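Structure data follow from data09.txt (compact mmCIF, C-alpha atoms):
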# COMPACT_ATOMS: atom_id res chain seq x y z
CA MET A 1 -7.32 -42.47 88.65
CA VAL A 2 -6.32 -45.74 86.98
CA PRO A 3 -8.70 -48.56 88.01
CA GLU A 4 -7.15 -51.85 89.12
CA GLY A 5 -6.20 -53.97 86.11
CA ASP A 6 -6.56 -50.99 83.75
CA ASP A 7 -3.76 -48.96 82.20
CA ARG A 8 -5.21 -45.50 81.74
CA GLU A 9 -6.92 -42.70 83.62
CA ARG A 10 -10.69 -43.01 84.07
CA LEU A 11 -13.22 -40.94 85.95
CA VAL A 12 -13.90 -42.98 89.10
CA CYS A 13 -16.38 -42.11 91.86
CA THR A 14 -14.42 -42.01 95.13
CA GLU A 15 -17.58 -42.97 97.06
CA CYS A 16 -18.86 -46.02 95.22
CA GLY A 17 -16.07 -46.94 92.83
CA TYR A 18 -18.20 -46.47 89.68
CA VAL A 19 -15.94 -46.11 86.66
CA ARG A 20 -17.08 -43.75 83.92
CA TYR A 21 -15.59 -44.92 80.62
CA ASP A 22 -15.39 -42.30 77.92
CA ASN A 23 -15.04 -43.77 74.47
CA PRO A 24 -15.05 -42.41 70.92
CA LYS A 25 -18.39 -41.40 69.50
CA ILE A 26 -19.85 -42.42 66.18
CA ILE A 27 -21.22 -39.90 63.71
CA VAL A 28 -23.59 -41.40 61.14
CA GLY A 29 -24.56 -39.64 57.94
CA ALA A 30 -25.30 -40.11 54.29
CA VAL A 31 -24.64 -38.77 50.84
CA CYS A 32 -28.10 -39.06 49.33
CA THR A 33 -28.99 -38.41 45.72
CA TRP A 34 -32.06 -38.01 43.58
CA GLU A 35 -31.25 -38.26 39.86
CA GLU A 36 -27.62 -37.10 40.27
CA ARG A 37 -28.59 -34.27 42.60
CA TYR A 38 -27.18 -34.16 46.12
CA LEU A 39 -29.25 -33.70 49.25
CA MET A 40 -27.70 -30.89 51.28
CA VAL A 41 -28.85 -29.24 54.49
CA ARG A 42 -28.00 -25.80 55.84
CA ARG A 43 -27.39 -25.84 59.58
CA ALA A 44 -29.81 -23.90 61.79
CA ILE A 45 -27.82 -24.55 64.96
CA PRO A 46 -24.24 -24.08 66.18
CA PRO A 47 -21.59 -25.06 65.48
CA ARG A 48 -21.23 -23.81 61.92
CA GLU A 49 -24.73 -22.34 61.83
CA GLY A 50 -25.66 -21.21 58.32
CA LEU A 51 -23.18 -23.49 56.57
CA TRP A 52 -23.99 -26.50 54.41
CA CYS A 53 -23.70 -30.06 55.56
CA LEU A 54 -24.68 -33.60 54.71
CA PRO A 55 -27.41 -34.98 56.95
CA SER A 56 -25.47 -36.49 59.85
CA GLY A 57 -25.26 -36.63 63.61
CA PHE A 58 -24.46 -38.72 66.65
CA MET A 59 -25.47 -42.35 66.51
CA GLU A 60 -27.91 -43.16 69.32
CA LEU A 61 -28.26 -46.14 71.64
CA GLY A 62 -30.30 -49.05 70.33
CA GLU A 63 -30.00 -48.32 66.63
CA SER A 64 -27.75 -49.69 63.90
CA SER A 65 -25.44 -47.35 62.01
CA GLU A 66 -27.68 -47.60 58.94
CA GLU A 67 -30.77 -46.86 61.01
CA GLY A 68 -28.97 -43.90 62.53
CA ALA A 69 -27.93 -42.51 59.17
CA ALA A 70 -31.47 -42.87 57.80
CA ARG A 71 -32.83 -41.25 60.98
CA GLU A 72 -30.54 -38.26 60.52
CA VAL A 73 -31.64 -37.89 56.90
CA TRP A 74 -35.24 -37.81 58.10
CA GLU A 75 -34.60 -35.48 61.04
CA GLU A 76 -32.57 -32.93 59.14
CA ALA A 77 -33.94 -33.17 55.61
CA ARG A 78 -37.33 -34.86 55.96
CA ALA A 79 -36.34 -37.28 53.21
CA ARG A 80 -36.68 -41.05 53.06
CA VAL A 81 -33.62 -42.85 51.78
CA THR A 82 -32.49 -46.34 50.85
CA LEU A 83 -28.87 -46.79 51.88
CA THR A 84 -26.81 -48.94 49.54
CA ASP A 85 -23.17 -48.83 50.68
CA LEU A 86 -20.80 -47.68 53.37
CA LEU A 87 -19.07 -44.94 51.38
CA ALA A 88 -16.55 -43.80 53.96
CA LEU A 89 -15.15 -44.40 57.42
CA TYR A 90 -13.32 -41.35 58.73
CA ASN A 91 -11.26 -41.58 61.87
CA LEU A 92 -11.00 -38.12 63.42
CA SER A 93 -8.93 -39.27 66.35
CA HIS A 94 -8.04 -35.74 67.48
CA ILE A 95 -11.69 -35.34 68.46
CA SER A 96 -12.30 -39.05 69.16
CA GLN A 97 -14.93 -39.44 66.48
CA VAL A 98 -15.53 -42.15 63.91
CA HIS A 99 -17.71 -41.06 61.00
CA LEU A 100 -19.67 -43.71 59.12
CA ILE A 101 -20.97 -42.15 55.91
CA TYR A 102 -23.37 -44.14 53.77
CA ARG A 103 -24.39 -43.77 50.15
CA GLY A 104 -28.10 -43.72 49.48
CA HIS A 105 -30.87 -43.10 47.00
CA MET A 106 -33.81 -40.95 47.93
CA ARG A 107 -37.08 -42.78 47.48
CA SER A 108 -38.68 -39.61 46.11
CA PRO A 109 -37.52 -36.02 45.63
CA ASP A 110 -39.53 -34.96 48.69
CA CYS A 111 -37.48 -33.11 51.27
CA ALA A 112 -37.92 -30.24 53.69
CA ALA A 113 -36.00 -28.51 56.46
CA GLY A 114 -36.21 -30.33 59.79
CA PRO A 115 -35.95 -28.37 63.06
CA GLU A 116 -32.13 -28.30 62.94
CA SER A 117 -31.96 -27.07 59.35
CA LEU A 118 -32.49 -23.60 57.88
CA GLU A 119 -32.83 -24.94 54.38
CA VAL A 120 -32.66 -28.15 52.40
CA ALA A 121 -31.73 -28.44 48.75
CA LEU A 122 -31.16 -30.95 45.98
CA MET A 123 -28.07 -29.63 44.22
CA ASP A 124 -26.33 -30.43 40.97
CA TRP A 125 -22.63 -31.26 41.32
CA GLU A 126 -21.78 -27.99 39.59
CA HIS A 127 -23.76 -25.96 42.08
CA LEU A 128 -22.54 -27.46 45.34
CA PRO A 129 -21.55 -24.68 47.80
CA TRP A 130 -17.87 -25.64 48.13
CA GLY A 131 -17.03 -22.35 49.82
CA GLU A 132 -19.77 -22.67 52.40
CA LEU A 133 -19.41 -26.23 53.67
CA ALA A 134 -19.56 -26.71 57.43
CA TYR A 135 -16.69 -29.20 57.68
CA PRO A 136 -13.87 -30.57 55.48
CA ASN A 137 -15.36 -34.05 55.72
CA VAL A 138 -18.45 -32.86 53.84
CA ALA A 139 -16.22 -32.15 50.85
CA TRP A 140 -14.36 -35.45 51.29
CA ALA A 141 -17.60 -37.44 51.21
CA LEU A 142 -19.02 -35.57 48.23
CA ARG A 143 -15.82 -36.02 46.19
CA GLN A 144 -15.54 -39.68 47.15
CA HIS A 145 -19.18 -40.24 46.26
CA ARG A 146 -18.44 -38.74 42.83
CA ALA A 147 -15.32 -40.92 42.45
CA MET A 148 -17.27 -44.08 43.24
CA ARG A 149 -20.06 -43.52 40.70
CA GLY A 150 -20.89 -46.80 39.02
CA ARG A 151 -18.85 -48.83 41.49
CA ALA A 152 -20.20 -51.23 44.07
CA ASP A 153 -18.63 -53.53 46.66
CA PHE A 154 -15.65 -51.34 47.47
CA ALA A 155 -13.78 -50.78 50.70
CA PRO A 156 -15.02 -47.68 52.53
CA LEU A 157 -12.82 -44.69 51.85
CA GLY A 158 -10.85 -42.95 54.55
CA VAL A 159 -9.66 -39.44 55.17
CA PRO A 160 -7.99 -38.28 51.93
CA ALA A 161 -4.20 -38.54 52.20
CA GLU A 162 -3.71 -34.79 51.76
CA ASP A 163 -5.97 -34.13 54.75
CA ALA A 164 -4.80 -36.98 56.98
CA ALA A 165 -2.01 -35.01 58.60
CA GLY A 166 -4.13 -33.22 61.15
CA PRO A 167 -7.32 -31.47 62.14
CA MET B 1 -35.55 -35.83 81.23
CA VAL B 2 -35.63 -34.62 77.62
CA PRO B 3 -33.37 -31.57 77.20
CA GLU B 4 -34.80 -28.57 75.35
CA GLY B 5 -34.55 -29.05 71.60
CA ASP B 6 -33.83 -32.77 72.00
CA ASP B 7 -36.26 -35.61 71.41
CA ARG B 8 -35.15 -38.33 73.80
CA GLU B 9 -34.39 -39.01 77.45
CA ARG B 10 -30.92 -38.06 78.66
CA LEU B 11 -29.31 -38.06 82.07
CA VAL B 12 -29.37 -34.39 83.12
CA CYS B 13 -27.95 -32.93 86.33
CA THR B 14 -30.78 -31.08 88.10
CA GLU B 15 -28.25 -28.75 89.72
CA CYS B 16 -26.15 -27.53 86.82
CA GLY B 17 -27.97 -28.75 83.73
CA TYR B 18 -25.07 -30.91 82.50
CA VAL B 19 -26.35 -33.44 79.97
CA ARG B 20 -24.74 -36.89 79.96
CA TYR B 21 -25.04 -38.35 76.45
CA ASP B 22 -24.73 -42.10 76.23
CA ASN B 23 -23.89 -43.32 72.75
CA PRO B 24 -23.00 -46.65 71.19
CA LYS B 25 -19.53 -47.97 71.84
CA ILE B 26 -17.05 -49.21 69.28
CA ILE B 27 -15.31 -52.56 69.61
CA VAL B 28 -12.14 -52.86 67.54
CA GLY B 29 -10.47 -56.15 66.75
CA ALA B 30 -8.65 -58.12 64.11
CA VAL B 31 -8.41 -61.45 62.39
CA CYS B 32 -4.65 -61.84 62.17
CA THR B 33 -2.83 -64.58 60.34
CA TRP B 34 0.66 -65.94 60.01
CA GLU B 35 1.02 -68.27 57.03
CA GLU B 36 -2.68 -69.27 57.00
CA ARG B 37 -2.77 -69.77 60.75
CA TYR B 38 -5.15 -67.70 62.87
CA LEU B 39 -4.16 -65.76 65.96
CA MET B 40 -6.54 -66.71 68.76
CA VAL B 41 -6.59 -65.70 72.41
CA ARG B 42 -8.18 -67.47 75.35
CA ARG B 43 -9.85 -65.06 77.75
CA ALA B 44 -8.41 -64.78 81.27
CA ILE B 45 -11.16 -62.44 82.47
CA PRO B 46 -14.96 -62.42 82.59
CA PRO B 47 -17.17 -62.44 80.68
CA ARG B 48 -16.62 -65.75 78.90
CA GLU B 49 -13.43 -66.51 80.82
CA GLY B 50 -11.65 -69.53 79.39
CA LEU B 51 -13.23 -69.27 75.95
CA TRP B 52 -11.48 -68.34 72.72
CA CYS B 53 -11.69 -64.97 71.08
CA LEU B 54 -10.11 -62.76 68.47
CA PRO B 55 -8.01 -59.96 69.94
CA SER B 56 -10.53 -57.15 70.40
CA GLY B 57 -11.81 -54.61 72.87
CA PHE B 58 -13.24 -51.14 73.39
CA MET B 59 -11.82 -48.40 71.20
CA GLU B 60 -10.23 -45.69 73.35
CA LEU B 61 -10.24 -41.90 73.11
CA GLY B 62 -7.59 -40.36 70.90
CA GLU B 63 -6.87 -43.36 68.70
CA SER B 64 -8.06 -44.38 65.26
CA SER B 65 -9.96 -47.62 64.78
CA GLU B 66 -6.89 -49.20 63.14
CA GLU B 67 -4.65 -48.04 65.99
CA GLY B 68 -7.15 -49.45 68.45
CA ALA B 69 -7.30 -52.82 66.71
CA ALA B 70 -3.49 -53.05 66.57
CA ARG B 71 -3.32 -52.03 70.24
CA GLU B 72 -5.71 -54.81 71.21
CA VAL B 73 -3.63 -57.34 69.26
CA TRP B 74 -0.60 -56.20 71.19
CA GLU B 75 -2.32 -56.08 74.58
CA GLU B 76 -3.98 -59.47 74.33
CA ALA B 77 -1.63 -61.45 72.11
CA ARG B 78 1.68 -59.57 72.24
CA ALA B 79 1.82 -59.68 68.46
CA ARG B 80 2.63 -56.92 65.98
CA VAL B 81 0.30 -56.76 63.02
CA THR B 82 -0.10 -54.90 59.74
CA LEU B 83 -3.80 -54.29 59.11
CA THR B 84 -4.82 -54.44 55.45
CA ASP B 85 -8.62 -54.19 55.26
CA LEU B 86 -11.79 -53.57 57.19
CA LEU B 87 -13.16 -57.12 57.10
CA ALA B 88 -16.45 -56.56 58.91
CA LEU B 89 -18.71 -54.01 60.52
CA TYR B 90 -21.19 -55.62 62.89
CA ASN B 91 -24.03 -53.62 64.32
CA LEU B 92 -25.12 -55.23 67.58
CA SER B 93 -27.82 -52.68 68.27
CA HIS B 94 -29.40 -54.68 71.10
CA ILE B 95 -26.28 -53.91 73.13
CA SER B 96 -25.48 -50.62 71.35
CA GLN B 97 -22.14 -51.79 70.00
CA VAL B 98 -20.51 -51.38 66.61
CA HIS B 99 -17.71 -53.86 65.94
CA LEU B 100 -15.00 -52.90 63.47
CA ILE B 101 -13.00 -56.01 62.64
CA TYR B 102 -9.87 -55.67 60.55
CA ARG B 103 -7.88 -58.20 58.55
CA GLY B 104 -4.17 -58.25 59.23
CA HIS B 105 -0.88 -60.02 58.70
CA MET B 106 1.38 -60.70 61.63
CA ARG B 107 4.84 -59.25 61.09
CA SER B 108 6.39 -62.34 62.68
CA PRO B 109 5.01 -65.47 64.35
CA ASP B 110 5.90 -64.01 67.76
CA CYS B 111 3.00 -63.94 70.16
CA ALA B 112 2.38 -64.44 73.86
CA ALA B 113 -0.46 -64.15 76.35
CA GLY B 114 -1.02 -60.59 77.55
CA PRO B 115 -2.44 -59.92 81.02
CA GLU B 116 -6.05 -60.47 79.87
CA SER B 117 -5.30 -63.77 78.12
CA LEU B 118 -4.78 -67.27 79.53
CA GLU B 119 -3.25 -68.53 76.33
CA VAL B 120 -2.47 -67.46 72.78
CA ALA B 121 -2.26 -69.74 69.78
CA LEU B 122 -1.70 -69.74 66.05
CA MET B 123 -4.27 -72.23 64.77
CA ASP B 124 -4.88 -73.94 61.47
CA TRP B 125 -8.40 -73.51 60.10
CA GLU B 126 -9.06 -77.19 60.78
CA HIS B 127 -8.15 -76.86 64.43
CA LEU B 128 -10.09 -73.73 65.35
CA PRO B 129 -12.06 -74.31 68.59
CA TRP B 130 -15.54 -73.77 67.12
CA GLY B 131 -17.22 -75.23 70.19
CA GLU B 132 -15.33 -72.99 72.60
CA LEU B 133 -15.65 -69.54 71.05
CA ALA B 134 -16.53 -66.70 73.40
CA TYR B 135 -19.06 -65.00 71.08
CA PRO B 136 -20.93 -65.74 67.85
CA ASN B 137 -19.19 -62.81 66.16
CA VAL B 138 -15.84 -64.59 66.54
CA ALA B 139 -17.16 -67.34 64.28
CA TRP B 140 -18.66 -64.79 61.86
CA ALA B 141 -15.35 -62.99 61.46
CA LEU B 142 -13.34 -66.18 61.02
CA ARG B 143 -15.73 -67.53 58.37
CA GLN B 144 -15.87 -64.20 56.56
CA HIS B 145 -12.09 -63.95 56.63
CA ARG B 146 -11.96 -67.38 55.01
CA ALA B 147 -14.56 -66.37 52.41
CA MET B 148 -12.58 -63.27 51.45
CA ARG B 149 -9.26 -65.04 50.87
CA GLY B 150 -7.63 -63.59 47.79
CA ARG B 151 -10.05 -60.69 47.59
CA ALA B 152 -9.24 -57.05 48.22
CA ASP B 153 -11.25 -53.82 48.04
CA PHE B 154 -14.55 -55.28 49.18
CA ALA B 155 -17.32 -53.79 51.26
CA PRO B 156 -17.03 -54.77 54.92
CA LEU B 157 -19.25 -57.70 55.75
CA GLY B 158 -22.11 -57.45 58.20
CA VAL B 159 -23.82 -59.79 60.60
CA PRO B 160 -24.60 -62.97 58.63
CA ALA B 161 -28.25 -63.03 57.53
CA GLU B 162 -29.01 -66.17 59.53
CA ASP B 163 -27.85 -64.45 62.71
CA ALA B 164 -29.28 -61.01 62.05
CA ALA B 165 -32.66 -61.75 63.62
CA GLY B 166 -31.63 -61.14 67.20
CA PRO B 167 -29.15 -61.41 70.04

File written out as structure tokens:
Amino acid sequence: MVPEGDDRERLVCTECGYVRYDNPKIIVGAVCTWEERYLMVRRAIPPREGLWCLPSGFMELGESSEEGAAREVWEEARARVTLTDLLALYNLSHISQVHLIYRGHMRSPDCAAGPESLEVALMDWEHLPWGELAYPNVAWALRQHRAMRGRADFAPLGVPAEDAAGP
Amino acid sequence: MVPEGDDRERLVCTECGYVRYDNPKIIVGAVCTWEERYLMVRRAIPPREGLWCLPSGFMELGESSEEGAAREVWEEARARVTLTDLLALYNLSHISQVHLIYRGHMRSPDCAAGPESLEVALMDWEHLPWGELAYPNVAWALRQHRAMRGRADFAPLGVPAEDAAGP
């Protein structure tokens, strides 16, 4: 039903009137490098189990987006990272997600598979597994990271124009 | 309870096992100008009824952050705007909100109070109601908009250092 003063359908409890607002969710992640090599994780869980991803996941209550991105890097790749820039902001409105992807430097080359990862690797650009990426946005972020080498203080990039048409 | 494979408390239905994930919410808004004048709205509804704000509100399902910001400008100030940049990204982690504040140009000086506004005004910088702003982040965004005049392609600004300590 549409609550009084509102203009769209919400889930409302018919007993107590509680309104359950569903809003877009934020995915936080990071393109992390160690000496020009990219930190990649191979997913141990569905969806896209077995495919390669950047460390990323749902932002949690009580954390900042940077804290969330660094937490995901730790949880999935057991790496410590210093985030330097917001590389990209992707609106995936067909699934009501906003992705905030940071750029970061690993503080050491130490990394290991967390419980949600089958494998973790530091990969040269030439050896990135383009054919085995879990999602298109992994490729977007990697390419945009490459394009922004040596640049600082830039506006976060969006979904590439050629991919903006749809899911 | 903590669902299997998870590491934090979630609301879980003891009957069917449905997990209710609560995640941070996104506020979208805009600093909009017409010939150096700022589009301000006076709140008709709690909280902070009667105080001045930038057009902003919760991002909704199925829209992009830019669409949401433009929608809020329309809903609260009945103005049409062209958004040009992401001016600021504020993490308010104590209330689990991420604010995405855009910079925009009004397409005409037309504006009017929407149902959630008592009043709408185009204000010169010198006449902004600094003592009657609804939230500190309204002042942050206005000052940062001023600081970025003439600049493009910059990283979105964050919570000013002097305000970053706490709520």

Exercise. Could you please tell me, as a ChimeraX atom specification, which residues of chain B have an atom within 10 Å of chain A when using all atoms listed in the file?
Key: /B:5,8,21-26,58-67,85-87,89-98,115-116,152-156

Transformed chain B, reference chain A, full Cα set in order, as a short mmCIF file (atom, residue, chain, number, x, y, z; two decimals) with C-alpha atoms, in the coordinates of the input:
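Contents of superposed03.cif, as written:
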data_model
loop_
_atom_site.label_atom_id
_atom_site.label_comp_id
_atom_site.auth_asym_id
_atom_site.auth_seq_id
_atom_site.Cartn_x
_atom_site.Cartn_y
_atom_site.Cartn_z
CA MET B 1 -7.30 -42.47 88.68
CA VAL B 2 -6.31 -45.73 86.99
CA PRO B 3 -8.67 -48.54 88.03
CA GLU B 4 -7.11 -51.83 89.13
CA GLY B 5 -6.19 -53.96 86.13
CA ASP B 6 -6.58 -51.00 83.76
CA ASP B 7 -3.77 -48.99 82.20
CA ARG B 8 -5.22 -45.52 81.76
CA GLU B 9 -6.94 -42.70 83.63
CA ARG B 10 -10.69 -43.01 84.08
CA LEU B 11 -13.22 -40.96 85.98
CA VAL B 12 -13.89 -43.01 89.13
CA CYS B 13 -16.34 -42.16 91.91
CA THR B 14 -14.38 -42.06 95.18
CA GLU B 15 -17.52 -43.02 97.10
CA CYS B 16 -18.81 -46.07 95.26
CA GLY B 17 -16.03 -46.98 92.84
CA TYR B 18 -18.18 -46.50 89.72
CA VAL B 19 -15.94 -46.13 86.68
CA ARG B 20 -17.07 -43.74 83.94
CA TYR B 21 -15.60 -44.92 80.63
CA ASP B 22 -15.40 -42.29 77.92
CA ASN B 23 -15.04 -43.76 74.46
CA PRO B 24 -15.05 -42.40 70.93
CA LYS B 25 -18.39 -41.38 69.50
CA ILE B 26 -19.85 -42.41 66.17
CA ILE B 27 -21.22 -39.89 63.70
CA VAL B 28 -23.59 -41.38 61.13
CA GLY B 29 -24.57 -39.64 57.94
CA ALA B 30 -25.30 -40.10 54.27
CA VAL B 31 -24.65 -38.77 50.82
CA CYS B 32 -28.11 -39.05 49.31
CA THR B 33 -28.99 -38.41 45.71
CA TRP B 34 -32.06 -38.01 43.57
CA GLU B 35 -31.26 -38.26 39.86
CA GLU B 36 -27.63 -37.11 40.27
CA ARG B 37 -28.58 -34.27 42.58
CA TYR B 38 -27.18 -34.16 46.11
CA LEU B 39 -29.25 -33.69 49.24
CA MET B 40 -27.70 -30.88 51.26
CA VAL B 41 -28.84 -29.24 54.48
CA ARG B 42 -27.99 -25.81 55.83
CA ARG B 43 -27.38 -25.84 59.57
CA ALA B 44 -29.81 -23.91 61.78
CA ILE B 45 -27.82 -24.56 64.96
CA PRO B 46 -24.25 -24.06 66.17
CA PRO B 47 -21.59 -25.05 65.47
CA ARG B 48 -21.22 -23.81 61.90
CA GLU B 49 -24.72 -22.34 61.81
CA GLY B 50 -25.65 -21.23 58.31
CA LEU B 51 -23.17 -23.49 56.55
CA TRP B 52 -23.99 -26.50 54.40
CA CYS B 53 -23.69 -30.07 55.53
CA LEU B 54 -24.67 -33.61 54.70
CA PRO B 55 -27.41 -34.98 56.94
CA SER B 56 -25.47 -36.49 59.84
CA GLY B 57 -25.27 -36.62 63.60
CA PHE B 58 -24.46 -38.71 66.65
CA MET B 59 -25.47 -42.35 66.51
CA GLU B 60 -27.92 -43.15 69.32
CA LEU B 61 -28.26 -46.14 71.64
CA GLY B 62 -30.31 -49.04 70.33
CA GLU B 63 -30.01 -48.32 66.62
CA SER B 64 -27.75 -49.68 63.91
CA SER B 65 -25.44 -47.35 62.01
CA GLU B 66 -27.70 -47.60 58.93
CA GLU B 67 -30.79 -46.85 61.02
CA GLY B 68 -28.98 -43.90 62.54
CA ALA B 69 -27.95 -42.51 59.16
CA ALA B 70 -31.50 -42.86 57.80
CA ARG B 71 -32.85 -41.24 60.97
CA GLU B 72 -30.55 -38.25 60.52
CA VAL B 73 -31.67 -37.88 56.90
CA TRP B 74 -35.24 -37.81 58.10
CA GLU B 75 -34.61 -35.48 61.04
CA GLU B 76 -32.58 -32.93 59.14
CA ALA B 77 -33.94 -33.17 55.60
CA ARG B 78 -37.33 -34.87 55.96
CA ALA B 79 -36.34 -37.28 53.21
CA ARG B 80 -36.70 -41.05 53.06
CA VAL B 81 -33.63 -42.85 51.78
CA THR B 82 -32.50 -46.34 50.84
CA LEU B 83 -28.87 -46.79 51.88
CA THR B 84 -26.81 -48.96 49.54
CA ASP B 85 -23.18 -48.84 50.68
CA LEU B 86 -20.81 -47.68 53.36
CA LEU B 87 -19.08 -44.93 51.37
CA ALA B 88 -16.55 -43.79 53.96
CA LEU B 89 -15.16 -44.38 57.42
CA TYR B 90 -13.32 -41.34 58.74
CA ASN B 91 -11.27 -41.57 61.88
CA LEU B 92 -11.01 -38.11 63.41
CA SER B 93 -8.94 -39.26 66.35
CA HIS B 94 -8.04 -35.73 67.48
CA ILE B 95 -11.69 -35.33 68.48
CA SER B 96 -12.30 -39.04 69.16
CA GLN B 97 -14.94 -39.43 66.48
CA VAL B 98 -15.54 -42.15 63.91
CA HIS B 99 -17.72 -41.05 61.00
CA LEU B 100 -19.68 -43.70 59.11
CA ILE B 101 -20.98 -42.15 55.91
CA TYR B 102 -23.38 -44.12 53.76
CA ARG B 103 -24.39 -43.77 50.13
CA GLY B 104 -28.11 -43.71 49.48
CA HIS B 105 -30.88 -43.11 46.99
CA MET B 106 -33.81 -40.94 47.92
CA ARG B 107 -37.10 -42.77 47.48
CA SER B 108 -38.68 -39.60 46.11
CA PRO B 109 -37.51 -36.01 45.62
CA ASP B 110 -39.52 -34.97 48.69
CA CYS B 111 -37.48 -33.11 51.26
CA ALA B 112 -37.92 -30.25 53.69
CA ALA B 113 -35.99 -28.51 56.44
CA GLY B 114 -36.21 -30.32 59.78
CA PRO B 115 -35.96 -28.38 63.05
CA GLU B 116 -32.13 -28.31 62.94
CA SER B 117 -31.96 -27.08 59.34
CA LEU B 118 -32.47 -23.60 57.88
CA GLU B 119 -32.84 -24.93 54.38
CA VAL B 120 -32.66 -28.15 52.38
CA ALA B 121 -31.72 -28.43 48.73
CA LEU B 122 -31.16 -30.94 45.97
CA MET B 123 -28.06 -29.63 44.20
CA ASP B 124 -26.32 -30.45 40.96
CA TRP B 125 -22.63 -31.26 41.32
CA GLU B 126 -21.78 -27.99 39.58
CA HIS B 127 -23.76 -25.95 42.07
CA LEU B 128 -22.54 -27.47 45.33
CA PRO B 129 -21.55 -24.69 47.78
CA TRP B 130 -17.88 -25.66 48.13
CA GLY B 131 -17.02 -22.36 49.80
CA GLU B 132 -19.77 -22.67 52.40
CA LEU B 133 -19.41 -26.23 53.67
CA ALA B 134 -19.58 -26.71 57.43
CA TYR B 135 -16.69 -29.21 57.67
CA PRO B 136 -13.88 -30.56 55.48
CA ASN B 137 -15.37 -34.06 55.72
CA VAL B 138 -18.46 -32.86 53.83
CA ALA B 139 -16.23 -32.14 50.84
CA TRP B 140 -14.39 -35.46 51.27
CA ALA B 141 -17.62 -37.44 51.20
CA LEU B 142 -19.03 -35.57 48.22
CA ARG B 143 -15.84 -36.03 46.19
CA GLN B 144 -15.55 -39.69 47.15
CA HIS B 145 -19.18 -40.26 46.25
CA ARG B 146 -18.45 -38.77 42.84
CA ALA B 147 -15.33 -40.93 42.46
CA MET B 148 -17.28 -44.10 43.24
CA ARG B 149 -20.06 -43.54 40.70
CA GLY B 150 -20.87 -46.83 39.03
CA ARG B 151 -18.84 -48.85 41.50
CA ALA B 152 -20.20 -51.24 44.09
CA ASP B 153 -18.61 -53.55 46.67
CA PHE B 154 -15.64 -51.33 47.47
CA ALA B 155 -13.79 -50.77 50.71
CA PRO B 156 -15.03 -47.67 52.53
CA LEU B 157 -12.84 -44.69 51.84
CA GLY B 158 -10.87 -42.94 54.54
CA VAL B 159 -9.68 -39.43 55.18
CA PRO B 160 -8.01 -38.26 51.96
CA ALA B 161 -4.21 -38.52 52.22
CA GLU B 162 -3.72 -34.77 51.78
CA ASP B 163 -5.95 -34.11 54.78
CA ALA B 164 -4.79 -36.95 56.99
CA ALA B 165 -1.96 -34.98 58.59
CA GLY B 166 -4.05 -33.21 61.18
CA PRO B 167 -7.21 -31.43 62.25
#

Quiz item: Which residue, B:Leu122, B:Val28, B:Ala88, B:Ala164, has the smallest gap to Met148 (chain B) when you use only C-alpha atoms?
Solution: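 Closest to Met148 (chain B) of all the choices is B:Ala88.
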
Exercise. In Å, rounded to a single decimal, give me how far CA of His145 (chain A) is from CA of Arg103 (chain A).
Key: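 Going from CA of Arg103 (chain A) over to CA of His145 (chain A) covers 7.4 Å.
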
Self-check item: Radius query 8 Å about (-11.7, -40.2, 91.3), atoms used: all atoms listed in the file, as an MDAnalysis selection string
Solution: chainID A and resid 1 10:14

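For the atom pair formed by CA of Ala112 (chain B) and CA of Asn137 (chain B), the distance is 23.0 Å, given to one decimal.
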